[in-house]
$ cat input_15.pdb   # PDB, N, CA and C atoms
ATOM      1  N   MET A1422      -4.031  10.253   8.448
ATOM      2  CA  MET A1422      -3.228   9.703   7.382
ATOM      3  C   MET A1422      -1.932  10.505   7.306
ATOM      4  N   LEU A1423      -0.855   9.818   7.099
ATOM      5  CA  LEU A1423       0.434  10.485   6.996
ATOM      6  C   LEU A1423       0.579  11.244   5.687
ATOM      7  N   GLN A1424       0.729  10.510   4.615
ATOM      8  CA  GLN A1424       0.950  11.107   3.304
ATOM      9  C   GLN A1424       0.133  10.340   2.264
ATOM     10  N   ASP A1425      -0.419  11.074   1.322
ATOM     11  CA  ASP A1425      -1.153  10.434   0.234
ATOM     12  C   ASP A1425      -0.189   9.870  -0.798
ATOM     13  N   ILE A1426      -0.603   8.797  -1.435
ATOM     14  CA  ILE A1426       0.139   8.243  -2.568
ATOM     15  C   ILE A1426      -0.290   9.033  -3.797
ATOM     16  N   VAL A1427       0.700   9.483  -4.579
ATOM     17  CA  VAL A1427       0.382  10.276  -5.768
ATOM     18  C   VAL A1427       0.708   9.545  -7.068
ATOM     19  N   ALA A1428       1.519   8.494  -6.985
ATOM     20  CA  ALA A1428       1.846   7.723  -8.189
ATOM     21  C   ALA A1428       2.261   6.319  -7.780
ATOM     22  N   VAL A1429       2.005   5.368  -8.680
ATOM     23  CA  VAL A1429       2.394   3.977  -8.448
ATOM     24  C   VAL A1429       2.843   3.373  -9.765
ATOM     25  N   GLU A1430       3.854   2.538  -9.680
ATOM     26  CA  GLU A1430       4.371   1.845 -10.865
ATOM     27  C   GLU A1430       4.519   0.364 -10.531
ATOM     28  N   PRO A1431       3.804  -0.503 -11.238
ATOM     29  CA  PRO A1431       3.967  -1.936 -10.994
ATOM     30  C   PRO A1431       5.316  -2.411 -11.533
ATOM     31  N   LEU A1432       5.975  -3.267 -10.778
ATOM     32  CA  LEU A1432       7.262  -3.837 -11.157
ATOM     33  C   LEU A1432       7.154  -5.353 -11.198
ATOM     34  N   GLU A1433       8.217  -6.011 -11.601
ATOM     35  CA  GLU A1433       8.229  -7.479 -11.623
ATOM     36  C   GLU A1433       8.184  -8.033 -10.205
ATOM     37  N   ASN A1434       7.837  -9.308 -10.121
ATOM     38  CA  ASN A1434       7.828 -10.045  -8.853
ATOM     39  C   ASN A1434       6.907  -9.433  -7.808
ATOM     40  N   TYR A1435       5.763  -8.919  -8.246
ATOM     41  CA  TYR A1435       4.737  -8.375  -7.346
ATOM     42  C   TYR A1435       5.277  -7.251  -6.464
ATOM     43  N   GLN A1436       6.042  -6.380  -7.060
ATOM     44  CA  GLN A1436       6.549  -5.209  -6.359
ATOM     45  C   GLN A1436       5.905  -3.954  -6.941
ATOM     46  N   LEU A1437       5.805  -2.925  -6.104
ATOM     47  CA  LEU A1437       5.260  -1.641  -6.529
ATOM     48  C   LEU A1437       6.223  -0.531  -6.140
ATOM     49  N   ARG A1438       6.489   0.371  -7.070
ATOM     50  CA  ARG A1438       7.213   1.597  -6.732
ATOM     51  C   ARG A1438       6.140   2.628  -6.413
ATOM     52  N   ILE A1439       6.188   3.141  -5.194
ATOM     53  CA  ILE A1439       5.152   4.045  -4.710
ATOM     54  C   ILE A1439       5.762   5.421  -4.448
ATOM     55  N   HIS A1440       5.046   6.465  -4.878
ATOM     56  CA  HIS A1440       5.470   7.851  -4.685
ATOM     57  C   HIS A1440       4.445   8.542  -3.789
ATOM     58  N   PHE A1441       4.931   9.182  -2.732
ATOM     59  CA  PHE A1441       4.062   9.889  -1.796
ATOM     60  C   PHE A1441       4.130  11.390  -2.046
ATOM     61  N   GLU A1442       3.123  12.105  -1.551
ATOM     62  CA  GLU A1442       3.021  13.536  -1.809
ATOM     63  C   GLU A1442       4.161  14.356  -1.216
ATOM     64  N   ASP A1443       4.868  13.822  -0.227
ATOM     65  CA  ASP A1443       5.978  14.564   0.373
ATOM     66  C   ASP A1443       7.308  14.303  -0.342
ATOM     67  N   GLY A1444       7.261  13.576  -1.465
ATOM     68  CA  GLY A1444       8.466  13.293  -2.232
ATOM     69  C   GLY A1444       9.128  11.969  -1.910
ATOM     70  N   VAL A1445       8.688  11.313  -0.858
ATOM     71  CA  VAL A1445       9.232  10.004  -0.498
ATOM     72  C   VAL A1445       8.764   8.990  -1.534
ATOM     73  N   GLU A1446       9.661   8.120  -1.938
ATOM     74  CA  GLU A1446       9.285   7.026  -2.833
ATOM     75  C   GLU A1446      10.081   5.795  -2.456
ATOM     76  N   GLY A1447       9.534   4.648  -2.804
ATOM     77  CA  GLY A1447      10.218   3.399  -2.510
ATOM     78  C   GLY A1447       9.490   2.228  -3.114
ATOM     79  N   ILE A1448      10.103   1.080  -2.965
ATOM     80  CA  ILE A1448       9.560  -0.163  -3.522
ATOM     81  C   ILE A1448       9.000  -1.023  -2.396
ATOM     82  N   VAL A1449       7.781  -1.489  -2.609
ATOM     83  CA  VAL A1449       7.109  -2.362  -1.645
ATOM     84  C   VAL A1449       6.917  -3.730  -2.288
ATOM     85  N   PRO A1450       7.493  -4.788  -1.683
ATOM     86  CA  PRO A1450       7.268  -6.148  -2.190
ATOM     87  C   PRO A1450       5.938  -6.686  -1.651
ATOM     88  N   LEU A1451       4.903  -6.634  -2.464
ATOM     89  CA  LEU A1451       3.580  -7.032  -2.005
ATOM     90  C   LEU A1451       3.513  -8.489  -1.573
ATOM     91  N   SER A1452       4.330  -9.340  -2.186
ATOM     92  CA  SER A1452       4.284 -10.760  -1.817
ATOM     93  C   SER A1452       4.714 -10.972  -0.365
ATOM     94  N   GLN A1453       5.400 -10.022   0.233
ATOM     95  CA  GLN A1453       5.797 -10.120   1.639
ATOM     96  C   GLN A1453       4.798  -9.421   2.557
ATOM     97  N   LEU A1454       3.859  -8.700   1.959
ATOM     98  CA  LEU A1454       2.909  -7.919   2.741
ATOM     99  C   LEU A1454       1.527  -8.563   2.828
ATOM    100  N   ILE A1455       1.099  -9.210   1.741
ATOM    101  CA  ILE A1455      -0.257  -9.762   1.704
ATOM    102  C   ILE A1455      -0.234 -11.232   1.315
ATOM    103  N   ASN A1456      -1.317 -11.919   1.664
ATOM    104  CA  ASN A1456      -1.575 -13.259   1.143
ATOM    105  C   ASN A1456      -2.459 -13.067  -0.080
ATOM    106  N   PHE A1457      -2.149 -13.750  -1.138
ATOM    107  CA  PHE A1457      -2.922 -13.607  -2.369
ATOM    108  C   PHE A1457      -4.165 -14.491  -2.313
ATOM    109  N   THR A1458      -5.028 -14.177  -1.359
ATOM    110  CA  THR A1458      -6.292 -14.891  -1.201
ATOM    111  C   THR A1458      -7.412 -13.855  -1.160
ATOM    112  N   GLY A1459      -8.636 -14.331  -1.261
ATOM    113  CA  GLY A1459      -9.783 -13.427  -1.183
ATOM    114  C   GLY A1459      -9.719 -12.354  -2.246
ATOM    115  N   VAL A1460      -9.909 -11.108  -1.844
ATOM    116  CA  VAL A1460      -9.923  -9.994  -2.786
ATOM    117  C   VAL A1460      -8.559  -9.799  -3.460
ATOM    118  N   PHE A1461      -7.496 -10.309  -2.844
ATOM    119  CA  PHE A1461      -6.158 -10.181  -3.422
ATOM    120  C   PHE A1461      -5.789 -11.328  -4.367
ATOM    121  N   ALA A1462      -6.615 -12.363  -4.471
ATOM    122  CA  ALA A1462      -6.310 -13.517  -5.330
ATOM    123  C   ALA A1462      -6.092 -13.132  -6.802
ATOM    124  N   PRO A1463      -6.881 -12.234  -7.381
ATOM    125  CA  PRO A1463      -6.653 -11.884  -8.790
ATOM    126  C   PRO A1463      -5.290 -11.240  -9.058
ATOM    127  N   LEU A1464      -4.647 -10.715  -8.017
ATOM    128  CA  LEU A1464      -3.360 -10.051  -8.197
ATOM    129  C   LEU A1464      -2.244 -11.020  -8.555
ATOM    130  N   THR A1465      -2.491 -12.323  -8.438
ATOM    131  CA  THR A1465      -1.468 -13.293  -8.840
ATOM    132  C   THR A1465      -1.263 -13.304 -10.347
ATOM    133  N   ASP A1466      -2.241 -12.798 -11.088
ATOM    134  CA  ASP A1466      -2.097 -12.657 -12.538
ATOM    135  C   ASP A1466      -1.283 -11.387 -12.793
ATOM    136  N   PRO A1467      -0.068 -11.507 -13.334
ATOM    137  CA  PRO A1467       0.781 -10.324 -13.543
ATOM    138  C   PRO A1467       0.117  -9.220 -14.366
ATOM    139  N   ASP A1468      -0.706  -9.609 -15.337
ATOM    140  CA  ASP A1468      -1.390  -8.590 -16.137
ATOM    141  C   ASP A1468      -2.398  -7.806 -15.296
ATOM    142  N   TYR A1469      -3.106  -8.513 -14.427
ATOM    143  CA  TYR A1469      -4.058  -7.828 -13.554
ATOM    144  C   TYR A1469      -3.320  -7.007 -12.495
ATOM    145  N   PHE A1470      -2.265  -7.556 -11.943
ATOM    146  CA  PHE A1470      -1.454  -6.842 -10.961
ATOM    147  C   PHE A1470      -1.018  -5.483 -11.525
ATOM    148  N   ALA A1471      -0.675  -5.461 -12.798
ATOM    149  CA  ALA A1471      -0.175  -4.252 -13.458
ATOM    150  C   ALA A1471      -1.256  -3.187 -13.656
ATOM    151  N   THR A1472      -2.507  -3.508 -13.366
ATOM    152  CA  THR A1472      -3.585  -2.528 -13.535
ATOM    153  C   THR A1472      -3.767  -1.638 -12.307
ATOM    154  N   VAL A1473      -2.870  -1.722 -11.354
ATOM    155  CA  VAL A1473      -2.954  -0.921 -10.130
ATOM    156  C   VAL A1473      -3.071   0.563 -10.475
ATOM    157  N   LYS A1474      -3.887   1.268  -9.706
ATOM    158  CA  LYS A1474      -4.132   2.692  -9.930
ATOM    159  C   LYS A1474      -4.077   3.444  -8.609
ATOM    160  N   VAL A1475      -3.952   4.760  -8.706
ATOM    161  CA  VAL A1475      -4.035   5.629  -7.531
ATOM    162  C   VAL A1475      -5.440   6.205  -7.473
ATOM    163  N   ASN A1476      -6.041   6.150  -6.308
ATOM    164  CA  ASN A1476      -7.306   6.837  -6.088
ATOM    165  C   ASN A1476      -6.986   8.130  -5.342
ATOM    166  N   PRO A1477      -7.046   9.274  -6.021
ATOM    167  CA  PRO A1477      -6.668  10.530  -5.376
ATOM    168  C   PRO A1477      -7.601  10.940  -4.234
ATOM    169  N   ASP A1478      -8.838  10.458  -4.246
ATOM    170  CA  ASP A1478      -9.758  10.780  -3.158
ATOM    171  C   ASP A1478      -9.370  10.070  -1.868
ATOM    172  N   TRP A1479      -8.839   8.856  -2.002
ATOM    173  CA  TRP A1479      -8.447   8.070  -0.830
ATOM    174  C   TRP A1479      -6.971   8.233  -0.505
ATOM    175  N   GLY A1480      -6.185   8.672  -1.497
ATOM    176  CA  GLY A1480      -4.746   8.814  -1.292
ATOM    177  C   GLY A1480      -4.019   7.492  -1.245
ATOM    178  N   THR A1481      -4.602   6.482  -1.869
ATOM    179  CA  THR A1481      -3.975   5.170  -1.846
ATOM    180  C   THR A1481      -4.091   4.488  -3.201
ATOM    181  N   ILE A1482      -3.616   3.258  -3.254
ATOM    182  CA  ILE A1482      -3.667   2.469  -4.485
ATOM    183  C   ILE A1482      -4.805   1.469  -4.408
ATOM    184  N   TYR A1483      -5.263   1.039  -5.604
ATOM    185  CA  TYR A1483      -6.364   0.073  -5.629
ATOM    186  C   TYR A1483      -6.380  -0.657  -6.965
ATOM    187  N   TRP A1484      -7.156  -1.711  -6.993
ATOM    188  CA  TRP A1484      -7.443  -2.457  -8.215
ATOM    189  C   TRP A1484      -8.957  -2.436  -8.405
ATOM    190  N   GLU A1485      -9.401  -2.631  -9.630
ATOM    191  CA  GLU A1485     -10.830  -2.532  -9.956
ATOM    192  C   GLU A1485     -11.713  -3.518  -9.190
ATOM    193  N   ASN A1486     -11.152  -4.617  -8.703
ATOM    194  CA  ASN A1486     -11.968  -5.595  -7.979
ATOM    195  C   ASN A1486     -12.245  -5.173  -6.538
ATOM    196  N   GLY A1487     -11.725  -4.012  -6.125
ATOM    197  CA  GLY A1487     -11.973  -3.520  -4.769
ATOM    198  C   GLY A1487     -10.799  -3.694  -3.829
ATOM    199  N   ALA A1488      -9.741  -4.356  -4.258
ATOM    200  CA  ALA A1488      -8.558  -4.512  -3.411
ATOM    201  C   ALA A1488      -7.859  -3.164  -3.278
ATOM    202  N   ASP A1489      -7.511  -2.812  -2.053
ATOM    203  CA  ASP A1489      -6.727  -1.610  -1.816
ATOM    204  C   ASP A1489      -5.847  -1.833  -0.593
ATOM    205  N   LEU A1490      -4.926  -0.910  -0.370
ATOM    206  CA  LEU A1490      -3.992  -1.034   0.748
ATOM    207  C   LEU A1490      -3.931   0.277   1.511
ATOM    208  N   ASP A1491      -3.705   0.181   2.800
ATOM    209  CA  ASP A1491      -3.632   1.349   3.670
ATOM    210  C   ASP A1491      -2.376   2.161   3.345
ATOM    211  N   PRO A1492      -2.527   3.434   2.983
ATOM    212  CA  PRO A1492      -1.350   4.233   2.639
ATOM    213  C   PRO A1492      -0.403   4.445   3.817
ATOM    214  N   ASP A1493      -0.940   4.457   5.047
ATOM    215  CA  ASP A1493      -0.071   4.612   6.213
ATOM    216  C   ASP A1493       0.881   3.430   6.344
ATOM    217  N   VAL A1494       0.359   2.221   6.170
ATOM    218  CA  VAL A1494       1.199   1.019   6.247
ATOM    219  C   VAL A1494       2.267   1.059   5.164
ATOM    220  N   LEU A1495       1.880   1.426   3.954
ATOM    221  CA  LEU A1495       2.842   1.492   2.858
ATOM    222  C   LEU A1495       3.913   2.546   3.127
ATOM    223  N   TYR A1496       3.528   3.671   3.699
ATOM    224  CA  TYR A1496       4.489   4.728   4.020
ATOM    225  C   TYR A1496       5.492   4.229   5.058
ATOM    226  N   TYR A1497       4.992   3.566   6.086
ATOM    227  CA  TYR A1497       5.887   3.020   7.112
ATOM    228  C   TYR A1497       6.860   2.010   6.505
ATOM    229  N   LEU A1498       6.389   1.186   5.600
ATOM    230  CA  LEU A1498       7.262   0.208   4.958
ATOM    231  C   LEU A1498       8.343   0.883   4.117
ATOM    232  N   VAL A1499       7.953   1.879   3.351
ATOM    233  CA  VAL A1499       8.901   2.569   2.473
ATOM    234  C   VAL A1499       9.948   3.329   3.291
ATOM    235  N   THR A1500       9.533   3.919   4.401
ATOM    236  CA  THR A1500      10.452   4.730   5.207
ATOM    237  C   THR A1500      11.111   3.944   6.340
ATOM    238  N   ASN A1501      10.800   2.664   6.440
ATOM    239  CA  ASN A1501      11.353   1.808   7.502
ATOM    240  C   ASN A1501      11.064   2.338   8.896
ATOM    241  N   GLN A1502       9.895   2.911   9.065
ATOM    242  CA  GLN A1502       9.476   3.411  10.365
ATOM    243  C   GLN A1502       8.567   2.390  11.034
ATOM    244  N   THR A1503       8.460   2.511  12.330
ATOM    245  CA  THR A1503       7.527   1.695  13.085
ATOM    246  C   THR A1503       6.318   2.562  13.401
ATOM    247  N   PRO A1504       5.131   2.077  13.086
ATOM    248  CA  PRO A1504       3.948   2.890  13.368
ATOM    249  C   PRO A1504       3.778   3.123  14.861
ATOM    250  N   GLU A1505       3.295   4.312  15.194
ATOM    251  CA  GLU A1505       2.987   4.601  16.589
ATOM    252  C   GLU A1505       1.623   4.013  16.896
ATOM    253  N   ILE A1506       1.587   3.166  17.881
ATOM    254  CA  ILE A1506       0.330   2.536  18.267
ATOM    255  C   ILE A1506      -0.124   3.181  19.569
ATOM    256  N   PRO A1507      -1.280   3.810  19.543
ATOM    257  CA  PRO A1507      -1.746   4.476  20.751
ATOM    258  C   PRO A1507      -2.013   3.467  21.854
ATOM    259  N   THR A1508      -1.737   3.872  23.053
ATOM    260  CA  THR A1508      -2.013   3.001  24.195
ATOM    261  C   THR A1508      -3.256   3.517  24.892
ATOM    262  N   VAL A1509      -3.965   2.610  25.467
ATOM    263  CA  VAL A1509      -5.178   2.946  26.187
ATOM    264  C   VAL A1509      -4.931   2.645  27.651
ATOM    265  N   SER A1510      -5.155   3.639  28.470
ATOM    266  CA  SER A1510      -5.006   3.408  29.905
ATOM    267  C   SER A1510      -6.377   3.487  30.551
ATOM    268  N   GLN A1511      -6.556   2.641  31.506
ATOM    269  CA  GLN A1511      -7.823   2.629  32.209
ATOM    270  C   GLN A1511      -7.604   3.185  33.603
ATOM    271  N   SER A1512      -8.546   3.964  34.041
ATOM    272  CA  SER A1512      -8.461   4.430  35.420
ATOM    273  C   SER A1512      -9.444   3.602  36.235
ATOM    274  N   ILE A1513      -8.973   3.168  37.361
ATOM    275  CA  ILE A1513      -9.818   2.357  38.245
ATOM    276  C   ILE A1513     -10.312   3.250  39.358
ATOM    277  N   SER A1514     -11.631   3.320  39.513
ATOM    278  CA  SER A1514     -12.205   4.188  40.538
ATOM    279  C   SER A1514     -12.385   3.443  41.816
TER     280      SER A1514
END

$ encode --input "input_15.pdb" --output "structure tokens"
Amino acid sequence: MLQDIVAVEPLENYQLRIHFEDGVEGIVPLSQLINFTGVFAPLTDPDYFATVKVNPDWGTIYWENGADLDPDVLYYLVTNQTPEIPTVSQSIS
């Protein structure tokens, strides 16, 4: 994991202001990141969306219904970085 999330603030239009332990902070537009189906369907209710919390054990954000998001993905979005994807090479004998 890159950095843990230490604070979150729900904003209008399904956006979250996220603060990471290294001091980086930014706004993530969730409507561009997730489909509001399945476990994320309740988040379409603005009042429920606003109940977002930080789980310090996981270092990420979550809602009581079990919806959560990967802190690494959120960090990459906030910092405009591209995640490093490991490559697998096969050796042929």

$ resolve_selection --input "input_15.pdb" --expression "the PyMOL selection byres ((chain A and resi 1438-1447) around 6)" --output "PDB file with N, CA and C atoms, in the frame of the given file"
ATOM      1  N   GLN A1424       0.729  10.510   4.615  1.00  0.00           N
ATOM      2  CA  GLN A1424       0.950  11.107   3.304  1.00  0.00           C
ATOM      3  C   GLN A1424       0.133  10.340   2.264  1.00  0.00           C
ATOM      4  N   ASP A1425      -0.419  11.074   1.322  1.00  0.00           N
ATOM      5  CA  ASP A1425      -1.153  10.434   0.234  1.00  0.00           C
ATOM      6  C   ASP A1425      -0.189   9.870  -0.798  1.00  0.00           C
ATOM      7  N   ILE A1426      -0.603   8.797  -1.435  1.00  0.00           N
ATOM      8  CA  ILE A1426       0.139   8.243  -2.568  1.00  0.00           C
ATOM      9  C   ILE A1426      -0.290   9.033  -3.797  1.00  0.00           C
ATOM     10  N   VAL A1427       0.700   9.483  -4.579  1.00  0.00           N
ATOM     11  CA  VAL A1427       0.382  10.276  -5.768  1.00  0.00           C
ATOM     12  C   VAL A1427       0.708   9.545  -7.068  1.00  0.00           C
ATOM     13  N   ALA A1428       1.519   8.494  -6.985  1.00  0.00           N
ATOM     14  CA  ALA A1428       1.846   7.723  -8.189  1.00  0.00           C
ATOM     15  C   ALA A1428       2.261   6.319  -7.780  1.00  0.00           C
ATOM     16  N   VAL A1429       2.005   5.368  -8.680  1.00  0.00           N
ATOM     17  CA  VAL A1429       2.394   3.977  -8.448  1.00  0.00           C
ATOM     18  C   VAL A1429       2.843   3.373  -9.765  1.00  0.00           C
ATOM     19  N   GLU A1430       3.854   2.538  -9.680  1.00  0.00           N
ATOM     20  CA  GLU A1430       4.371   1.845 -10.865  1.00  0.00           C
ATOM     21  C   GLU A1430       4.519   0.364 -10.531  1.00  0.00           C
ATOM     22  N   PRO A1431       3.804  -0.503 -11.238  1.00  0.00           N
ATOM     23  CA  PRO A1431       3.967  -1.936 -10.994  1.00  0.00           C
ATOM     24  C   PRO A1431       5.316  -2.411 -11.533  1.00  0.00           C
ATOM     25  N   LEU A1432       5.975  -3.267 -10.778  1.00  0.00           N
ATOM     26  CA  LEU A1432       7.262  -3.837 -11.157  1.00  0.00           C
ATOM     27  C   LEU A1432       7.154  -5.353 -11.198  1.00  0.00           C
ATOM     28  N   GLN A1436       6.042  -6.380  -7.060  1.00  0.00           N
ATOM     29  CA  GLN A1436       6.549  -5.209  -6.359  1.00  0.00           C
ATOM     30  C   GLN A1436       5.905  -3.954  -6.941  1.00  0.00           C
ATOM     31  N   LEU A1437       5.805  -2.925  -6.104  1.00  0.00           N
ATOM     32  CA  LEU A1437       5.260  -1.641  -6.529  1.00  0.00           C
ATOM     33  C   LEU A1437       6.223  -0.531  -6.140  1.00  0.00           C
ATOM     34  N   ILE A1448      10.103   1.080  -2.965  1.00  0.00           N
ATOM     35  CA  ILE A1448       9.560  -0.163  -3.522  1.00  0.00           C
ATOM     36  C   ILE A1448       9.000  -1.023  -2.396  1.00  0.00           C
ATOM     37  N   VAL A1449       7.781  -1.489  -2.609  1.00  0.00           N
ATOM     38  CA  VAL A1449       7.109  -2.362  -1.645  1.00  0.00           C
ATOM     39  C   VAL A1449       6.917  -3.730  -2.288  1.00  0.00           C
ATOM     40  N   VAL A1499       7.953   1.879   3.351  1.00  0.00           N
ATOM     41  CA  VAL A1499       8.901   2.569   2.473  1.00  0.00           C
ATOM     42  C   VAL A1499       9.948   3.329   3.291  1.00  0.00           C
TER      43      VAL A1499
END

$ residues_around --input "input_15.pdb" --residues "region 1458-1475 of chain A" --least-positions-apart "3" --cutoff "6 Å" --atoms "only C-alpha atoms" --output "list in words"
Pro1431, Thr1481, Ile1482, Tyr1483, Trp1484 and Ala1488 of chain A

$ closest_residue --input "input_15.pdb" --among "A:Asn1486, A:Asp1478, A:Pro1492, A:Leu1498" --to "Pro1450 (chain A)" --atoms "only C-alpha atoms"
A:Leu1498

$ atom_distance --input "input_15.pdb" --atom1 "atom C of Tyr1496 (chain A)" --atom2 "atom N of Ser1452 (chain A)"
15.4 Å

$ select_by_dssp --input "input_15.pdb" --residues "chain A" --states "alpha helix (DSSP H)" --output "JSON, numbers by chain"
{"A": [1467, 1468, 1469, 1470, 1492, 1493, 1494, 1495, 1496, 1497, 1498, 1499, 1500]}

$ axis_aligned_box --input "input_15.pdb" --around "region 1464-1480 of chain A" --padding-each-side "3 Å" --output "JSON"
{"center_x": -4.5, "center_y": -1.2, "center_z": -8.3, "size_x": 16.5, "size_y": 30.2, "size_z": 21.6}

$ atom_distance --input "input_15.pdb" --atom1 "CA of Asn1501 (chain A)" --atom2 "CA of Glu1485 (chain A)"
28.6 Å
